[in-house]
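Working notes, beginning with the structure itself.
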Amino acid sequence: MPGLVTFRGEGGPLLDLRLIRRDPDAVREALSRRGEADALDGVLALDAECRALRSAVEERRAESTRIAKEIGALKKHGEAVPAGQEDAARALREQTAAEEETLRDAEARRDALMLALPNIAEAAAPDGGEEDAVELRRVGDIPVFPGGVKDHVELAEAIGGLDLERAARTSGSRFAYLMGPLVRLQMALVSWAVDVVTAEGFTPVIPPVLVREEALVGTGFFPADRSAVYATADDDLFLVGTSEVPLAALHQDEILDEASLPLRYAGISSCFRREAGAAGRDTRGIFRVHQFDKVEMFSFTTPEESAAEHLRILGIEESILQQLGIPYRVVDVAVGDLGASAARKFDCEAWMPGQERYREVTSCSNCTDYQARRLRARTKRGKETVPVHTLNGTAVAVGRTLIAILENHQQPDGAVVVPACLRAYGAPEVLGPS
RNA sequence: GGAGAGGUGGCAGAGCGGUCGAAUGCGGCGGUCUCGAAAACCGUUUCGGGCUUCACGGUCCGACGGGGGUUCAAAUCCCCCCCUCUCCGCCA
């Protein structure tokens, strides 16, 4: 496909530069909620510099073209070129080259700053940091275990489904061998989830999990979260932490027909995370591991539809947890805890009896036009070309969902009753200790 | 991995140093004709950015896979990279 493009020379708008110019105070205030207000003034100063330089450079280029055309016309008609005209043109060009260098440099610095700015949060998103997420609701009854609670490691090992020690020997900490009955359970879970989201209009996709840097920049993981991503040693490829990355990049550099929106995809993939900076946290079991599998929903919508799509995705996530019989709560994540690309994020946290608290199992974000700008995924609005909106949400994060199933549905004898919806997909009714 | 051929507008496909953002065909859009439609005919149809405008618009710059170079002048010449295709090798 010859239309496949690598990188655009002159680059598209990132955070809407025009919006920044028109109303810098509003943007500054929005960014200050995320502690990034200062970065804006650097951008504004550089932008003014870039525009002044660009005007000057373009005038010179116009002059150069004019002279070149004159010379061309003369030569074409066999007439003599006035003495010194070519020398003058050369001198002008050399002058311009120096200015172009300055312009390129200024624009590169401006773009580097722009690339580091996070998205502007929705006004309704709560202020604050990690502790300031607002609980929206709790659904499902928390199970009680008079005879005592086992956590997922005990339960999984007892049924021959997990080997952590050998995984550590093979690959280090935060890896697992998932085995036997848990493999069957995972496969059922994935197949079922794919059916559920397919019924909701999401096209299943198995995407590449190794991607170029551009896809990670485009989705906002770079430069902000670079340390979380595995890089390959001999190739310029990176292992994705979520299929959101290749799904977003699916329509990179495209102008989508508005009538085709929303476009909905469900990525099925392994996910890889370095978990740098998480040392010592959640070290037990498979709650926080370097590799896990996930079914991920991803939507491209018009700007008007994204907020509704966000709630729709959240609804699907909740429906999945309800069908699995997992008690959960929904939280509205505070601005300071959003990823760079998100304008609003809802997490579903499942009750984990082994930890006696709610922990994140799914998450859905509205990235508005942030990723679309970076990836140049657009649609036509009359004569205008506008960025689309992108959203992503977890259908099933397999590892954490397995934990929630095991721990919530455990029996006094250590057996686990499998949710009914999975039985048609090849899961046994009960996982019994061997 | 080795050898070769290529990458041009939504698609097909010319152009191979000057007035080319780019012939032609198809498709799309608008119109004429028609009760309506088809056909025919006429017109129109890329993207990004700067300046200017309340706006409609105007004007200039850039882009022929990406980046760099040669030249007064590059889609056209040179170098590097990316991608596609064919053959060979290897492989699930």
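Every chain in the structure tokens takes a letter, A first, then B, and so on in the order presented; its residues are numbered from 1, and the ligands are numbered from 1 following the presented order.
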
- Task: Could you tell me, as a PyMOL selection string, which residues of range 254-369 of chain A DSSP assigns to strand (DSSP E or B) when given the backbone?
- Result: chain A and resi 255-256+263-272+291-301+328-332+344-352+357-366

Please identify all polymer residues within 6 Å of range 67-83 of chain B, counting only C-alpha atoms (C1' of nucleotides), omitting same-chain residues fewer than 3 positions from it, and present them as an mmCIF file with N, CA, C and O atoms (P, O5', C5', C4', C3', O3' and C1' of nucleotides), in the first residue's frame.
data_model
loop_
_atom_site.group_PDB
_atom_site.id
_atom_site.type_symbol
_atom_site.label_atom_id
_atom_site.label_comp_id
_atom_site.auth_asym_id
_atom_site.auth_seq_id
_atom_site.Cartn_x
_atom_site.Cartn_y
_atom_site.Cartn_z
ATOM 1 N N ALA A 68 14.078 32.864 -9.973
ATOM 2 C CA ALA A 68 14.311 31.609 -10.696
ATOM 3 C C ALA A 68 13.387 31.500 -11.896
ATOM 4 O O ALA A 68 13.785 31.043 -12.970
ATOM 5 N N GLU A 86 22.289 35.406 -11.628
ATOM 6 C CA GLU A 86 22.376 34.108 -10.971
ATOM 7 C C GLU A 86 23.163 34.200 -9.673
ATOM 8 O O GLU A 86 22.839 33.545 -8.686
ATOM 9 N N ALA A 89 20.919 35.614 -7.081
ATOM 10 C CA ALA A 89 19.966 34.609 -6.607
ATOM 11 C C ALA A 89 20.635 33.657 -5.633
ATOM 12 O O ALA A 89 20.054 33.276 -4.619
ATOM 13 P P C B 16 9.331 13.936 -19.246
ATOM 14 O "O5'" C B 16 10.026 14.101 -17.844
ATOM 15 C "C5'" C B 16 11.058 15.055 -17.600
ATOM 16 C "C4'" C B 16 12.024 14.408 -16.647
ATOM 17 C "C3'" C B 16 13.112 13.555 -17.316
ATOM 18 O "O3'" C B 16 14.413 14.133 -17.125
ATOM 19 C "C1'" C B 16 11.920 12.319 -15.609
ATOM 20 P P C B 64 7.185 16.438 -2.281
ATOM 21 O "O5'" C B 64 5.795 15.851 -2.796
ATOM 22 C "C5'" C B 64 5.251 14.624 -2.304
ATOM 23 C "C4'" C B 64 4.859 13.742 -3.454
ATOM 24 C "C3'" C B 64 6.030 12.997 -4.088
ATOM 25 O "O3'" C B 64 5.759 11.605 -4.032
ATOM 26 C "C1'" C B 64 4.763 14.181 -5.727
#

Which residues of chain B have any atom within 9 Å of an atom in chain A when counting only C-alpha atoms (C1' of nucleotides), and what is the closest pair of atoms for each, with the distance in Å to one decimal? Order the rows by chain and rising number and write it as JSON lines.
{"residue": "B:G7", "atom": "C1'", "partner": "A:Pro2", "partner_atom": "CA", "distance": 5.6}
{"residue": "B:G18", "atom": "C1'", "partner": "A:Gly72", "partner_atom": "CA", "distance": 4.9}
{"residue": "B:U19", "atom": "C1'", "partner": "A:Lys69", "partner_atom": "CA", "distance": 7.1}
{"residue": "B:G48", "atom": "C1'", "partner": "A:Gly12", "partner_atom": "CA", "distance": 6.8}
{"residue": "B:G49", "atom": "C1'", "partner": "A:Glu10", "partner_atom": "CA", "distance": 8.0}
{"residue": "B:G50", "atom": "C1'", "partner": "A:Ser55", "partner_atom": "CA", "distance": 5.8}
{"residue": "B:C51", "atom": "C1'", "partner": "A:Ser55", "partner_atom": "CA", "distance": 7.3}
{"residue": "B:C60", "atom": "C1'", "partner": "A:Glu58", "partner_atom": "CA", "distance": 7.3}
{"residue": "B:C61", "atom": "C1'", "partner": "A:Glu58", "partner_atom": "CA", "distance": 5.2}
{"residue": "B:G62", "atom": "C1'", "partner": "A:Glu10", "partner_atom": "CA", "distance": 7.8}
{"residue": "B:A63", "atom": "C1'", "partner": "A:Gly9", "partner_atom": "CA", "distance": 8.1}
{"residue": "B:G65", "atom": "C1'", "partner": "A:Val5", "partner_atom": "CA", "distance": 6.0}
{"residue": "B:G66", "atom": "C1'", "partner": "A:Phe7", "partner_atom": "CA", "distance": 6.1}
{"residue": "B:G67", "atom": "C1'", "partner": "A:Gly9", "partner_atom": "CA", "distance": 8.6}
{"residue": "B:C72", "atom": "C1'", "partner": "A:Glu86", "partner_atom": "CA", "distance": 4.7}
{"residue": "B:A73", "atom": "C1'", "partner": "A:Ala68", "partner_atom": "CA", "distance": 5.2}
{"residue": "B:C82", "atom": "C1'", "partner": "A:Thr6", "partner_atom": "CA", "distance": 6.8}
{"residue": "B:C83", "atom": "C1'", "partner": "A:Pro2", "partner_atom": "CA", "distance": 7.0}
{"residue": "B:U84", "atom": "C1'", "partner": "A:Met1", "partner_atom": "CA", "distance": 6.0}

For the residues in that selection, give me N, CA and C atoms (P, O5', C5', C4', C3', O3' and C1' of nucleotides) as a CSV table (one decimal), in the first residue's frame.
chain,number,residue,atom,x,y,z
B,7,G,P,7.3,4.7,-9.1
B,7,G,O5',6.2,4.1,-8.1
B,7,G,C5',5.2,4.9,-7.6
B,7,G,C4',5.0,4.6,-6.2
B,7,G,C3',4.8,5.9,-5.4
B,7,G,O3',3.5,5.9,-4.8
B,7,G,C1',6.4,4.4,-4.4
B,18,G,P,12.0,20.7,-17.1
B,18,G,O5',11.6,22.2,-16.5
B,18,G,C5',11.2,22.3,-15.1
B,18,G,C4',11.1,23.7,-14.8
B,18,G,C3',10.1,24.5,-15.7
B,18,G,O3',9.1,25.0,-14.8
B,18,G,C1',12.2,25.6,-15.6
B,19,U,P,8.2,24.9,-13.8
B,19,U,O5',7.5,26.3,-14.0
B,19,U,C5',6.2,26.5,-13.5
B,19,U,C4',5.5,27.4,-14.5
B,19,U,C3',4.9,26.7,-15.7
B,19,U,O3',3.6,26.2,-15.3
B,19,U,C1',6.0,28.7,-16.4
B,48,G,P,-5.7,19.9,6.4
B,48,G,O5',-4.2,20.5,6.7
B,48,G,C5',-3.4,19.8,7.6
B,48,G,C4',-2.0,20.4,7.6
B,48,G,C3',-2.0,21.9,8.0
B,48,G,O3',-2.1,22.1,9.4
B,48,G,C1',-0.6,21.6,6.1
B,49,G,P,-2.8,23.5,9.9
B,49,G,O5',-1.6,24.6,9.5
B,49,G,C5',-0.4,24.6,10.3
B,49,G,C4',0.6,25.5,9.6
B,49,G,C3',0.2,27.0,9.6
B,49,G,O3',0.4,27.6,10.9
B,49,G,C1',1.0,26.4,7.5
B,50,G,P,-0.3,29.0,11.2
B,50,G,O5',0.5,30.1,10.4
B,50,G,C5',1.9,30.4,10.8
B,50,G,C4',2.4,31.5,9.9
B,50,G,C3',1.6,32.8,9.8
B,50,G,O3',1.8,33.6,10.9
B,50,G,C1',2.2,32.1,7.6
B,51,C,P,0.7,34.5,11.5
B,51,C,O5',0.5,35.6,10.3
B,51,C,C5',1.5,36.5,10.1
B,51,C,C4',1.2,37.4,8.9
B,51,C,C3',-0.2,38.1,8.9
B,51,C,O3',-0.1,39.3,9.7
B,51,C,C1',0.0,37.0,6.9
B,60,C,P,-0.1,35.1,-4.5
B,60,C,O5',1.0,34.6,-3.5
B,60,C,C5',2.1,35.4,-3.2
B,60,C,C4',2.7,34.9,-1.9
B,60,C,C3',3.3,33.5,-1.8
B,60,C,O3',4.5,33.4,-2.4
B,60,C,C1',2.0,33.9,0.1
B,61,C,P,5.0,32.0,-3.0
B,61,C,O5',5.3,31.1,-1.7
B,61,C,C5',6.4,31.5,-0.9
B,61,C,C4',6.5,30.6,0.3
B,61,C,C3',6.6,29.1,0.0
B,61,C,O3',7.9,28.7,-0.4
B,61,C,C1',5.0,29.5,1.7
B,62,G,P,8.0,27.5,-1.4
B,62,G,O5',7.6,26.3,-0.5
B,62,G,C5',8.4,25.9,0.6
B,62,G,C4',7.7,24.8,1.4
B,62,G,C3',7.3,23.5,0.6
B,62,G,O3',8.5,22.7,0.5
B,62,G,C1',5.5,24.2,2.0
B,63,A,P,8.6,21.8,-0.8
B,63,A,O5',7.5,20.7,-0.6
B,63,A,C5',7.7,19.7,0.5
B,63,A,C4',6.5,18.8,0.6
B,63,A,C3',6.0,18.1,-0.6
B,63,A,O3',6.8,16.9,-0.8
B,63,A,C1',4.2,19.1,0.5
B,65,G,P,6.9,10.5,-3.9
B,65,G,O5',6.7,10.2,-2.3
B,65,G,C5',5.4,10.0,-1.8
B,65,G,C4',5.4,9.5,-0.4
B,65,G,C3',6.5,10.2,0.5
B,65,G,O3',5.9,11.4,1.0
B,65,G,C1',6.9,7.9,0.6
B,66,G,P,6.9,12.6,1.3
B,66,G,O5',7.8,12.1,2.5
B,66,G,C5',7.3,12.0,3.8
B,66,G,C4',8.4,11.7,4.8
B,66,G,C3',9.6,12.7,4.7
B,66,G,O3',9.3,13.9,5.5
B,66,G,C1',10.4,10.5,4.7
B,67,G,P,10.1,15.2,5.0
B,67,G,O5',11.6,14.9,5.3
B,67,G,C5',12.1,15.0,6.7
B,67,G,C4',13.5,14.6,6.7
B,67,G,C3',14.5,15.5,6.0
B,67,G,O3',14.8,16.6,6.7
B,67,G,C1',15.0,13.2,5.5
B,72,C,P,23.8,27.9,-8.9
B,72,C,O5',22.4,28.6,-8.8
B,72,C,C5',22.1,29.7,-8.0
B,72,C,C4',20.8,30.2,-8.3
B,72,C,C3',19.6,29.2,-8.3
B,72,C,O3',19.2,29.0,-7.0
B,72,C,C1',19.5,30.5,-10.3
B,73,A,P,18.9,27.5,-6.6
B,73,A,O5',17.7,27.0,-7.5
B,73,A,C5',16.4,27.6,-7.3
B,73,A,C4',15.4,27.2,-8.3
B,73,A,C3',15.2,25.7,-8.4
B,73,A,O3',14.3,25.2,-7.4
B,73,A,C1',15.6,26.5,-10.6
B,82,C,P,15.4,1.3,6.9
B,82,C,O5',13.9,1.8,6.7
B,82,C,C5',13.1,2.3,7.7
B,82,C,C4',11.8,2.8,7.2
B,82,C,C3',11.0,1.7,6.5
B,82,C,O3',10.3,0.8,7.3
B,82,C,C1',11.0,3.8,5.3
B,83,C,P,10.1,-0.7,6.8
B,83,C,O5',9.0,-0.5,5.7
B,83,C,C5',7.7,-0.1,6.0
B,83,C,C4',6.9,0.2,4.8
B,83,C,C3',6.8,-0.9,3.8
B,83,C,O3',5.8,-1.8,4.2
B,83,C,C1',7.4,1.0,2.6
B,84,U,P,5.8,-3.4,3.7
B,84,U,O5',5.4,-3.3,2.2
B,84,U,C5',4.1,-2.9,1.8
B,84,U,C4',4.0,-2.8,0.3
B,84,U,C3',4.4,-4.1,-0.4
B,84,U,O3',3.3,-5.0,-0.4
B,84,U,C1',5.4,-2.2,-1.5

- Task: Name the residues in contact with Val209 in chain A at a cut-off of 10 Å, using only C-alpha atoms (C1' of nucleotides), excluding same-chain residues fewer than 5 positions from it; report them as number ranges by chain.
- Result: A: 237-243, 245-246, 268-272

Export N, CA, C and O atoms of the chosen residues as an mmCIF file, in the first residue's frame?
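As written to disk, part.cif reads:
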data_model
loop_
_atom_site.group_PDB
_atom_site.id
_atom_site.type_symbol
_atom_site.label_atom_id
_atom_site.label_comp_id
_atom_site.auth_asym_id
_atom_site.auth_seq_id
_atom_site.Cartn_x
_atom_site.Cartn_y
_atom_site.Cartn_z
ATOM 1 N N LEU A 237 11.746 -0.479 17.614
ATOM 2 C CA LEU A 237 10.383 -0.910 17.902
ATOM 3 C C LEU A 237 10.179 -1.011 19.402
ATOM 4 O O LEU A 237 11.122 -1.247 20.159
ATOM 5 N N PHE A 238 8.921 -0.834 19.810
ATOM 6 C CA PHE A 238 8.581 -0.835 21.226
ATOM 7 C C PHE A 238 7.410 -1.770 21.462
ATOM 8 O O PHE A 238 6.494 -1.857 20.641
ATOM 9 N N LEU A 239 7.441 -2.464 22.609
ATOM 10 C CA LEU A 239 6.334 -3.344 22.972
ATOM 11 C C LEU A 239 5.222 -2.493 23.591
ATOM 12 O O LEU A 239 5.475 -1.714 24.513
ATOM 13 N N VAL A 240 4.020 -2.659 23.103
ATOM 14 C CA VAL A 240 2.944 -1.805 23.607
ATOM 15 C C VAL A 240 2.452 -2.262 24.974
ATOM 16 O O VAL A 240 2.440 -3.445 25.292
ATOM 17 N N GLY A 241 2.056 -1.298 25.779
ATOM 18 C CA GLY A 241 1.486 -1.583 27.087
ATOM 19 C C GLY A 241 -0.008 -1.811 27.000
ATOM 20 O O GLY A 241 -0.643 -2.235 27.976
ATOM 21 N N THR A 242 -0.574 -1.537 25.836
ATOM 22 C CA THR A 242 -2.001 -1.716 25.605
ATOM 23 C C THR A 242 -2.260 -1.647 24.109
ATOM 24 O O THR A 242 -1.547 -0.938 23.392
ATOM 25 N N SER A 243 -3.280 -2.365 23.654
ATOM 26 C CA SER A 243 -3.566 -2.339 22.217
ATOM 27 C C SER A 243 -4.194 -1.015 21.802
ATOM 28 O O SER A 243 -4.395 -0.766 20.618
ATOM 29 N N VAL A 245 -2.651 1.551 21.616
ATOM 30 C CA VAL A 245 -1.635 2.205 20.779
ATOM 31 C C VAL A 245 -1.784 1.831 19.294
ATOM 32 O O VAL A 245 -1.985 2.706 18.454
ATOM 33 N N PRO A 246 -1.716 0.546 18.961
ATOM 34 C CA PRO A 246 -1.897 0.222 17.538
ATOM 35 C C PRO A 246 -3.309 0.494 17.028
ATOM 36 O O PRO A 246 -3.481 0.749 15.833
ATOM 37 N N ILE A 268 -7.344 -7.335 20.829
ATOM 38 C CA ILE A 268 -7.053 -8.490 21.668
ATOM 39 C C ILE A 268 -5.542 -8.660 21.623
ATOM 40 O O ILE A 268 -4.980 -8.917 20.555
ATOM 41 N N SER A 269 -4.901 -8.472 22.752
ATOM 42 C CA SER A 269 -3.440 -8.542 22.690
ATOM 43 C C SER A 269 -2.817 -8.778 24.053
ATOM 44 O O SER A 269 -3.433 -8.571 25.097
ATOM 45 N N SER A 270 -1.563 -9.188 23.991
ATOM 46 C CA SER A 270 -0.745 -9.157 25.194
ATOM 47 C C SER A 270 -0.266 -7.728 25.390
ATOM 48 O O SER A 270 -0.129 -6.963 24.430
ATOM 49 N N CYS A 271 -0.035 -7.374 26.642
ATOM 50 C CA CYS A 271 0.379 -6.020 26.988
ATOM 51 C C CYS A 271 1.633 -6.121 27.837
ATOM 52 O O CYS A 271 1.749 -7.018 28.669
ATOM 53 N N PHE A 272 2.553 -5.202 27.616
ATOM 54 C CA PHE A 272 3.849 -5.285 28.282
ATOM 55 C C PHE A 272 4.160 -3.973 28.998
ATOM 56 O O PHE A 272 4.096 -2.910 28.382
#

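Coordinates place CA of Gly382 in chain A at a distance of 29.4 Å from C1' of G13 in chain B.
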
- Run DSSP on the backbone and give me the residues of range 23-255 of chain A it puts in helix (DSSP H, G or I), as a PyMOL selection string. chain A and resi 24-32+37-76+85-116+130-132+152-158+164-171+180-199+213-218+226-228+244-249

- What separation in Å, quoted to one decimal, exists between CA of Leu338 in chain A and CA of Thr198 in chain A? 27.9 Å

- Separation of CA of Ala424 in chain A from CA of Val295 in chain A, in Å and rounded to one decimal: 18.7 Å
